[in-house]
>>> print(open('model_15.cif').read())   # mmCIF, C-alpha atoms
data_final
loop_
_atom_site.label_atom_id
_atom_site.label_comp_id
_atom_site.auth_asym_id
_atom_site.auth_seq_id
_atom_site.Cartn_x
_atom_site.Cartn_y
_atom_site.Cartn_z
CA MET A 1 19.73 144.12 83.71
CA LEU A 2 20.24 146.29 80.64
CA SER A 3 17.33 146.52 78.22
CA PRO A 4 17.97 145.24 74.70
CA PRO A 5 18.72 147.99 72.15
CA PHE A 6 15.78 149.79 70.52
CA GLN A 7 16.95 148.78 67.04
CA ARG A 8 16.79 145.06 67.88
CA SER A 9 13.70 144.97 70.09
CA VAL A 10 10.39 143.50 68.96
CA PHE A 11 7.39 144.22 71.15
CA VAL A 12 5.08 141.18 71.03
CA ASN A 13 1.47 142.13 71.71
CA CYS A 14 -0.29 138.76 71.60
CA PRO A 15 -2.82 136.86 73.72
CA PHE A 16 -1.32 135.18 76.78
CA ASP A 17 -3.94 132.44 77.13
CA GLU A 18 -2.93 128.80 77.15
CA GLU A 19 -4.53 128.07 73.80
CA PHE A 20 -2.46 130.75 72.09
CA SER A 21 0.82 129.98 73.85
CA PRO A 22 2.15 127.57 71.15
CA ILE A 23 1.83 130.34 68.56
CA LEU A 24 3.24 132.99 70.88
CA GLN A 25 6.25 130.82 71.76
CA ALA A 26 6.92 130.00 68.09
CA ILE A 27 6.75 133.70 67.18
CA ALA A 28 9.11 134.60 70.04
CA PHE A 29 11.55 131.91 68.94
CA CYS A 30 11.51 133.17 65.34
CA ILE A 31 12.35 136.66 66.58
CA ALA A 32 15.25 135.41 68.73
CA GLU A 33 16.57 133.14 65.97
CA LEU A 34 16.75 136.07 63.55
CA GLY A 35 18.89 138.05 65.96
CA PHE A 36 16.25 140.23 67.63
CA TYR A 37 14.86 140.37 71.15
CA PRO A 38 11.22 139.46 71.79
CA ARG A 39 9.83 141.88 74.39
CA LEU A 40 6.75 140.65 76.25
CA ALA A 41 4.76 142.20 79.06
CA PRO A 42 5.33 140.10 82.19
CA GLU A 43 2.46 137.86 83.13
CA ASN A 44 3.04 138.39 86.84
CA ALA A 45 2.89 142.17 87.03
CA ASP A 46 2.05 143.40 90.52
CA ASN A 47 -1.05 145.27 89.47
CA ALA A 48 -2.81 146.73 86.46
CA ALA A 49 -1.09 150.13 86.69
CA ASN A 50 2.36 148.57 86.82
CA ARG A 51 1.47 146.33 83.91
CA LEU A 52 0.41 149.25 81.75
CA ASP A 53 3.52 151.23 82.68
CA ARG A 54 5.61 148.22 81.71
CA ILE A 55 3.80 147.97 78.37
CA LEU A 56 4.44 151.65 77.67
CA GLU A 57 8.11 151.10 78.43
CA LEU A 58 8.24 148.14 76.04
CA ILE A 59 6.48 150.09 73.28
CA ARG A 60 8.80 153.06 73.68
CA GLY A 61 11.85 150.78 73.71
CA SER A 62 11.01 148.66 70.65
CA LYS A 63 11.54 149.66 67.04
CA TYR A 64 9.47 146.69 65.87
CA SER A 65 6.17 145.35 67.07
CA ILE A 66 3.86 142.45 66.34
CA HIS A 67 0.20 142.85 67.23
CA ASP A 68 -2.00 139.77 67.05
CA LEU A 69 -5.71 140.57 66.84
CA SER A 70 -6.94 136.95 66.93
CA ARG A 71 -8.88 137.48 70.12
CA CYS A 72 -10.84 140.47 68.82
CA LYS A 73 -13.47 137.98 67.70
CA SER A 74 -15.60 136.23 70.31
CA ARG A 75 -16.39 132.60 69.59
CA GLY A 76 -19.57 132.00 71.47
CA VAL A 77 -22.72 133.65 72.74
CA GLY A 78 -21.92 135.83 75.75
CA GLU A 79 -18.15 135.68 75.23
CA PHE A 80 -16.41 139.04 75.18
CA SER A 81 -13.79 139.91 72.62
CA ARG A 82 -10.41 140.84 74.07
CA LEU A 83 -9.57 144.50 73.71
CA ASN A 84 -6.07 144.62 75.20
CA MET A 85 -4.38 143.88 71.89
CA PRO A 86 -6.09 146.62 69.82
CA PHE A 87 -5.65 149.00 72.77
CA GLU A 88 -1.89 148.41 72.82
CA LEU A 89 -1.77 148.60 69.02
CA GLY A 90 -3.34 152.05 69.32
CA ILE A 91 -0.77 153.15 71.88
CA ASP A 92 2.02 151.89 69.62
CA PHE A 93 0.60 153.72 66.61
CA GLY A 94 0.25 156.90 68.66
CA CYS A 95 3.83 156.56 69.86
CA LYS A 96 5.05 156.32 66.27
CA ARG A 97 2.81 159.09 64.99
CA PHE A 98 3.20 161.68 67.73
CA SER A 99 6.77 161.10 68.90
CA GLU A 100 9.77 162.84 67.52
CA GLY A 101 13.10 161.09 67.11
CA THR A 102 13.73 157.35 67.16
CA CYS A 103 10.10 156.30 67.63
CA GLU A 104 9.19 157.69 64.21
CA ALA A 105 11.07 154.70 62.76
CA LYS A 106 8.80 152.15 64.46
CA THR A 107 7.51 149.35 62.22
CA MET A 108 4.53 147.09 62.88
CA LEU A 109 3.24 143.72 61.73
CA ILE A 110 -0.43 142.93 62.35
CA LEU A 111 -1.46 139.30 62.65
CA GLU A 112 -4.93 137.82 62.77
CA GLU A 113 -6.24 134.29 62.85
CA THR A 114 -8.57 134.53 59.86
CA ARG A 115 -7.84 136.64 56.82
CA TRP A 116 -9.85 139.87 56.56
CA ASP A 117 -11.27 139.64 60.09
CA TYR A 118 -9.73 143.03 60.84
CA GLN A 119 -12.03 144.62 58.27
CA LYS A 120 -14.98 143.72 60.50
CA SER A 121 -13.47 144.92 63.77
CA LEU A 122 -10.73 147.46 63.01
CA SER A 123 -11.09 148.65 59.44
CA ASP A 124 -9.16 151.85 60.20
CA ILE A 125 -5.92 149.89 59.74
CA ALA A 126 -6.68 148.84 56.14
CA GLY A 127 -3.51 149.00 54.07
CA TRP A 128 -1.17 148.14 56.91
CA ASP A 129 1.08 145.07 56.95
CA ILE A 130 -1.63 142.55 57.96
CA HIS A 131 -1.34 138.78 57.63
CA SER A 132 -3.25 135.73 58.89
CA HIS A 133 -1.88 132.54 60.42
CA ASP A 134 -5.03 130.39 60.72
CA GLY A 135 -4.07 129.51 64.30
CA ASP A 136 -1.10 127.52 62.97
CA HIS A 137 2.36 128.02 64.48
CA ILE A 138 4.12 127.10 61.21
CA LYS A 139 2.24 129.80 59.29
CA ALA A 140 2.83 132.28 62.13
CA VAL A 141 6.60 131.67 61.92
CA LYS A 142 6.51 132.15 58.14
CA ARG A 143 4.62 135.46 58.44
CA VAL A 144 6.95 136.81 61.12
CA ARG A 145 10.07 135.56 59.32
CA ASP A 146 8.99 137.08 55.97
CA TRP A 147 8.37 140.43 57.67
CA LEU A 148 11.44 140.48 59.89
CA VAL A 149 14.04 139.46 57.26
CA ARG A 150 13.10 142.60 55.33
CA GLN A 151 14.26 144.70 58.27
CA GLU A 152 17.76 146.04 58.64
CA GLY A 153 20.28 143.64 60.17
CA ALA A 154 18.04 140.56 60.18
CA ALA A 155 19.69 137.19 59.65
CA GLN A 156 18.67 135.75 56.27
CA VAL A 157 17.32 132.41 57.46
CA GLY A 158 14.52 130.37 55.89
CA SER A 159 11.41 129.48 57.84
CA THR A 160 12.06 125.72 57.62
CA LYS A 161 15.48 126.23 59.20
CA ILE A 162 13.89 128.34 61.93
CA LEU A 163 11.35 125.59 62.68
CA ASP A 164 14.14 122.98 62.74
CA SER A 165 16.05 125.13 65.22
CA TYR A 166 12.87 125.53 67.28
CA ALA A 167 12.72 121.74 67.70
CA ASP A 168 16.43 121.66 68.64
CA PHE A 169 15.93 124.40 71.21
CA GLN A 170 13.07 122.54 72.83
CA GLY A 171 15.10 119.33 73.07
CA TRP A 172 17.93 121.23 74.76
CA TYR A 173 15.50 123.00 77.07
CA TRP A 174 13.70 119.82 78.16
CA ASP A 175 16.99 118.04 78.83
CA ARG A 176 18.31 120.96 80.83
CA GLU A 177 15.18 121.34 82.94
CA LEU A 178 14.89 117.59 83.57
CA GLY A 179 18.50 117.69 84.70
CA ARG A 180 17.57 120.44 87.13
CA GLY A 181 14.89 118.26 88.70
CA ALA A 182 11.78 119.29 86.79
CA SER A 183 9.20 116.77 85.64
CA ASP A 184 7.68 116.64 82.15
CA ASP A 185 4.51 118.21 83.54
CA ASP A 186 6.53 120.98 85.22
CA ILE A 187 8.12 121.88 81.90
CA ARG A 188 4.81 121.82 80.02
CA GLU A 189 3.42 124.30 82.54
CA TYR A 190 6.33 126.74 82.53
CA PRO A 191 5.10 130.28 81.85
CA THR A 192 5.82 131.62 78.40
CA ILE A 193 8.01 134.44 79.68
CA GLN A 194 10.35 131.83 81.22
CA VAL A 195 10.52 129.84 77.99
CA VAL A 196 11.27 133.00 76.00
CA GLU A 197 14.15 133.89 78.33
CA ALA A 198 15.58 130.41 77.70
CA MET A 199 15.29 130.96 73.93
CA ILE A 200 17.47 134.05 74.14
CA GLU A 201 19.91 132.18 76.38
CA TRP A 202 20.08 129.31 73.87
CA VAL A 203 20.86 131.66 71.00
CA ASN A 204 23.49 133.47 73.07
CA LEU A 205 25.11 130.13 73.98
CA GLY A 206 25.59 129.36 70.29
CA ARG A 207 22.54 127.09 69.83
CA PRO A 208 23.80 124.00 71.68
CA SER A 209 22.20 120.62 70.89
CA MET B 1 28.82 114.91 75.61
CA ALA B 2 26.37 115.83 72.89
CA LYS B 3 23.50 113.39 72.65
CA ILE B 4 21.80 112.31 69.44
CA GLY B 5 18.19 113.39 69.47
CA GLN B 6 15.45 112.41 67.07
CA HIS B 7 12.51 114.78 66.74
CA VAL B 8 9.09 113.91 65.38
CA VAL B 9 7.80 117.25 64.15
CA PRO B 10 4.80 118.43 62.14
CA ASN B 11 5.27 119.84 58.67
CA THR B 12 2.75 121.44 56.37
CA GLY B 13 1.57 118.15 54.89
CA GLY B 14 2.31 115.55 57.54
CA TRP B 15 5.14 114.62 59.87
CA SER B 16 8.94 114.55 59.69
CA VAL B 17 11.69 112.80 61.58
CA LYS B 18 14.63 115.10 62.13
CA ARG B 19 17.90 114.59 63.92
CA SER B 20 18.96 117.34 66.31
CA GLY B 21 21.07 119.89 64.46
CA ALA B 22 20.25 118.49 61.02
CA THR B 23 19.13 120.78 58.24
CA LYS B 24 17.09 118.14 56.43
CA ALA B 25 14.50 115.63 57.61
CA SER B 26 15.64 112.01 57.84
CA SER B 27 12.22 110.93 56.60
CA VAL B 28 8.72 112.27 56.02
CA HIS B 29 5.46 110.49 56.84
CA ARG B 30 1.76 110.83 56.34
CA THR B 31 0.86 110.22 59.99
CA GLN B 32 2.46 110.99 63.32
CA ALA B 33 2.31 107.29 64.30
CA GLU B 34 4.40 106.30 61.27
CA ALA B 35 6.92 109.04 62.04
CA ILE B 36 7.16 107.92 65.68
CA GLU B 37 7.92 104.33 64.64
CA ALA B 38 10.68 105.49 62.28
CA ALA B 39 12.17 107.80 64.91
CA LYS B 40 12.06 105.06 67.56
CA ARG B 41 14.06 102.74 65.31
CA LEU B 42 16.73 105.42 64.87
CA ALA B 43 16.78 106.31 68.57
CA ARG B 44 17.16 102.65 69.57
CA LYS B 45 19.92 102.09 67.03
CA GLN B 46 21.82 105.22 68.03
CA GLY B 47 21.04 105.16 71.73
CA GLY B 48 19.73 108.68 71.88
CA GLU B 49 16.71 110.72 72.84
CA LEU B 50 13.31 110.75 71.17
CA TYR B 51 11.28 113.96 71.27
CA ILE B 52 7.71 113.76 70.05
CA HIS B 53 6.19 117.11 69.19
CA GLY B 54 2.50 117.83 68.92
CA ARG B 55 0.70 119.46 66.00
CA ASP B 56 1.32 122.80 67.76
CA GLY B 57 5.10 122.25 67.54
CA ARG B 58 5.76 121.77 71.24
CA ILE B 59 7.24 118.66 72.79
CA ILE B 60 4.57 116.40 74.26
CA GLN B 61 6.76 113.42 75.14
CA ARG B 62 10.42 112.66 75.63
CA SER B 63 11.97 109.20 75.87
CA SER B 64 15.56 108.11 76.27
CA PHE B 65 17.03 105.08 74.52
CA GLY B 66 20.55 105.49 75.83
CA SER B 67 22.25 105.92 79.16
CA GLU B 68 20.97 109.13 80.66
CA PRO B 69 21.82 111.01 83.83
CA PHE B 70 18.16 111.65 84.54
CA ARG B 71 14.86 110.01 83.72
CA SER B 72 11.92 111.69 82.10
CA ARG B 73 9.13 111.95 84.62
CA GLY B 74 5.54 112.60 83.64
#
>>> encode(input="model_15.cif", output="structure tokens")
Amino acid sequence: MLSPPFQRSVFVNCPFDEEFSPILQAIAFCIAELGFYPRLAPENADNAANRLDRILELIRGSKYSIHDLSRCKSRGVGEFSRLNMPFELGIDFGCKRFSEGTCEAKTMLILEETRWDYQKSLSDIAGWDIHSHDGDHIKAVKRVRDWLVRQEGAAQVGSTKILDSYADFQGWYWDRELGRGASDDDIREYPTIQVVEAMIEWVNLGRPS
Amino acid sequence: MAKIGQHVVPNTGGWSVKRSGATKASSVHRTQAEAIEAAKRLARKQGGELYIHGRDGRIIQRSSFGSEPFRSRG
């Protein structure tokens, strides 16, 4: 399968845990609805080396990127913060800074759950395009929409319309999967990467209801 | 044939009932329970689907009030 074009690709560097998946899926839908391609690292990579190679490929192939640093903050005693997201943000920044050619045009949006948290964990990025979503999918869509519509070639669609379309997509998706023999529980447990592929399909089909 | 779907979805201050494909909410409510009741009335009247979304925006329940080729299974 051909990779989406660099100019329309958005690398999504977000947590893949179940708790974050509603926000990740809403962000991915917003990207697809505005005419771009959400690019996510596969959850079922064969091994760590392959996964990292895949991430490098996605970073190199995406003009835009969204890095969510919500998991940089541990919530309890003994809990580790997650370092994959800032690690991949660093690779992306290095790609933009040290590459010559198309990668110099790369543009990033940084998201965090609570405003100003980055100042306590990654203050080197002060002054970048950083916004908080408070763990709320509606706010996450608004932040991504506001950033992406400023980019070249983005559809000029309001966030309320995007959220309405997100509900329509889900209705279509549930009906289709039930028709294919899935149960409600099956659909709820579908991996995010599968749901994101269906989002792109839905947009390409002309947003059927 | 396109089916008429009613969605109960969260908004910033409460809950909305929205028909599939519509650009405006049919009604807005303070609680999800109130929105579900309003959406059920519409779905029964129109013989369509009812999709109840959770606070996180994802569908948590689907019910059909018309003839359907398949049944929602939990």
>>> closest_residue(input="model_15.cif", among="A:Val10, A:Ala198, A:Leu178, A:Ile125", to="Gly35 in chain A", atoms="all atoms listed in the file")
A:Val10
>>> closest_atom_pairs(input="model_15.cif", of="chain A", to="chain B", cutoff="8 Å", atoms="all atoms listed in the file", output="JSON lines")
{"residue": "A:Pro22", "atom": "CA", "partner": "B:Asp56", "partner_atom": "CA", "distance": 5.9}
{"residue": "A:Ile23", "atom": "CA", "partner": "B:Asp56", "partner_atom": "CA", "distance": 7.6}
{"residue": "A:Ala26", "atom": "CA", "partner": "B:Gly57", "partner_atom": "CA", "distance": 8.0}
{"residue": "A:Asp136", "atom": "CA", "partner": "B:Asp56", "partner_atom": "CA", "distance": 7.1}
{"residue": "A:His137", "atom": "CA", "partner": "B:Asp56", "partner_atom": "CA", "distance": 6.3}
{"residue": "A:Ile138", "atom": "CA", "partner": "B:Thr12", "partner_atom": "CA", "distance": 7.6}
{"residue": "A:Lys161", "atom": "CA", "partner": "B:Thr23", "partner_atom": "CA", "distance": 6.6}
{"residue": "A:Asp164", "atom": "CA", "partner": "B:Thr23", "partner_atom": "CA", "distance": 7.1}
{"residue": "A:Ser165", "atom": "CA", "partner": "B:Gly21", "partner_atom": "CA", "distance": 7.3}
{"residue": "A:Ala167", "atom": "CA", "partner": "B:His7", "partner_atom": "CA", "distance": 7.0}
{"residue": "A:Asp168", "atom": "CA", "partner": "B:Ser20", "partner_atom": "CA", "distance": 5.5}
{"residue": "A:Gln170", "atom": "CA", "partner": "B:Ile59", "partner_atom": "CA", "distance": 7.0}
{"residue": "A:Gly171", "atom": "CA", "partner": "B:Tyr51", "partner_atom": "CA", "distance": 6.8}
{"residue": "A:Leu178", "atom": "CA", "partner": "B:Ser72", "partner_atom": "CA", "distance": 6.8}
{"residue": "A:Gly179", "atom": "CA", "partner": "B:Phe70", "partner_atom": "CA", "distance": 6.1}
{"residue": "A:Ser183", "atom": "CA", "partner": "B:Arg73", "partner_atom": "CA", "distance": 4.9}
{"residue": "A:Asp184", "atom": "CA", "partner": "B:Gly74", "partner_atom": "CA", "distance": 4.8}
{"residue": "A:Asp185", "atom": "CA", "partner": "B:Gly74", "partner_atom": "CA", "distance": 5.7}
{"residue": "A:Arg188", "atom": "CA", "partner": "B:Ile60", "partner_atom": "CA", "distance": 7.9}
{"residue": "A:Ser209", "atom": "CA", "partner": "B:Ser20", "partner_atom": "CA", "distance": 6.5}
>>> residues_near_point(input="model_15.cif", point="(18.5, 151.7, 67.8)", cutoff="8 Å", atoms="only C-alpha atoms", output="list of chain:residue names")
A:Pro5, A:Phe6, A:Gln7, A:Arg8, A:Lys63, A:Thr102
>>> residues_around(input="model_15.cif", residues="range 86-97 of chain A", least_positions_apart="3", cutoff="9 Å", atoms="only C-alpha atoms", output="list in words")
Asn13, Ile55, Leu56, Ile59, Arg60, Ser65, Ile66, His67, Asp68, Leu69, Cys72, Arg82, Leu83, Glu100, Thr102, Cys103, Glu104, Ala105, Lys106, Thr107, Met108, Ile110 and Leu122 of chain A
>>> residues_around(input="model_15.cif", residues="Gly127 in chain A", least_positions_apart="4", cutoff="12 Å", atoms="only C-alpha atoms", output="number ranges by chain")
A: 109-110, 116, 118-119, 122-123, 131
>>> atom_distance(input="model_15.cif", atom1="CA of Ser21 in chain A", atom2="CA of Met85 in chain A")
15.0 Å
>>> atom_distance(input="model_15.cif", atom1="CA of Ala28 in chain A", atom2="CA of Val196 in chain A")
6.5 Å
>>> atom_distance(input="model_15.cif", atom1="CA of Trp202 in chain A", atom2="CA of Trp172 in chain A")
8.4 Å
>>> resolve_selection(input="model_15.cif", expression="the PyMOL selection byres ((chain A and resi 30) around 12)", output="PyMOL selection string")
chain A and resi 10+12+23-29+31-38+137-149+154-167+169+196+199-200+203
>>> resolve_selection(input="model_15.cif", expression="the PyMOL selection byres ((chain B and resi 36) around 9)", output="PyMOL selection string")
chain B and resi 7-8+17+31-35+37-41+50+52
>>> write_last_selection(input="model_15.cif", atoms="C-alpha atoms", output="PDB file, keeping the file's coordinate frame")
ATOM      1  CA  HIS B   7      12.510 114.780  66.740  1.00  0.00           C
ATOM      2  CA  VAL B   8       9.090 113.910  65.380  1.00  0.00           C
ATOM      3  CA  VAL B  17      11.690 112.800  61.580  1.00  0.00           C
ATOM      4  CA  THR B  31       0.860 110.220  59.990  1.00  0.00           C
ATOM      5  CA  GLN B  32       2.460 110.990  63.320  1.00  0.00           C
ATOM      6  CA  ALA B  33       2.310 107.290  64.300  1.00  0.00           C
ATOM      7  CA  GLU B  34       4.400 106.300  61.270  1.00  0.00           C
ATOM      8  CA  ALA B  35       6.920 109.040  62.040  1.00  0.00           C
ATOM      9  CA  GLU B  37       7.920 104.330  64.640  1.00  0.00           C
ATOM     10  CA  ALA B  38      10.680 105.490  62.280  1.00  0.00           C
ATOM     11  CA  ALA B  39      12.170 107.800  64.910  1.00  0.00           C
ATOM     12  CA  LYS B  40      12.060 105.060  67.560  1.00  0.00           C
ATOM     13  CA  ARG B  41      14.060 102.740  65.310  1.00  0.00           C
ATOM     14  CA  LEU B  50      13.310 110.750  71.170  1.00  0.00           C
ATOM     15  CA  ILE B  52       7.710 113.760  70.050  1.00  0.00           C
TER      16      ILE B  52
END
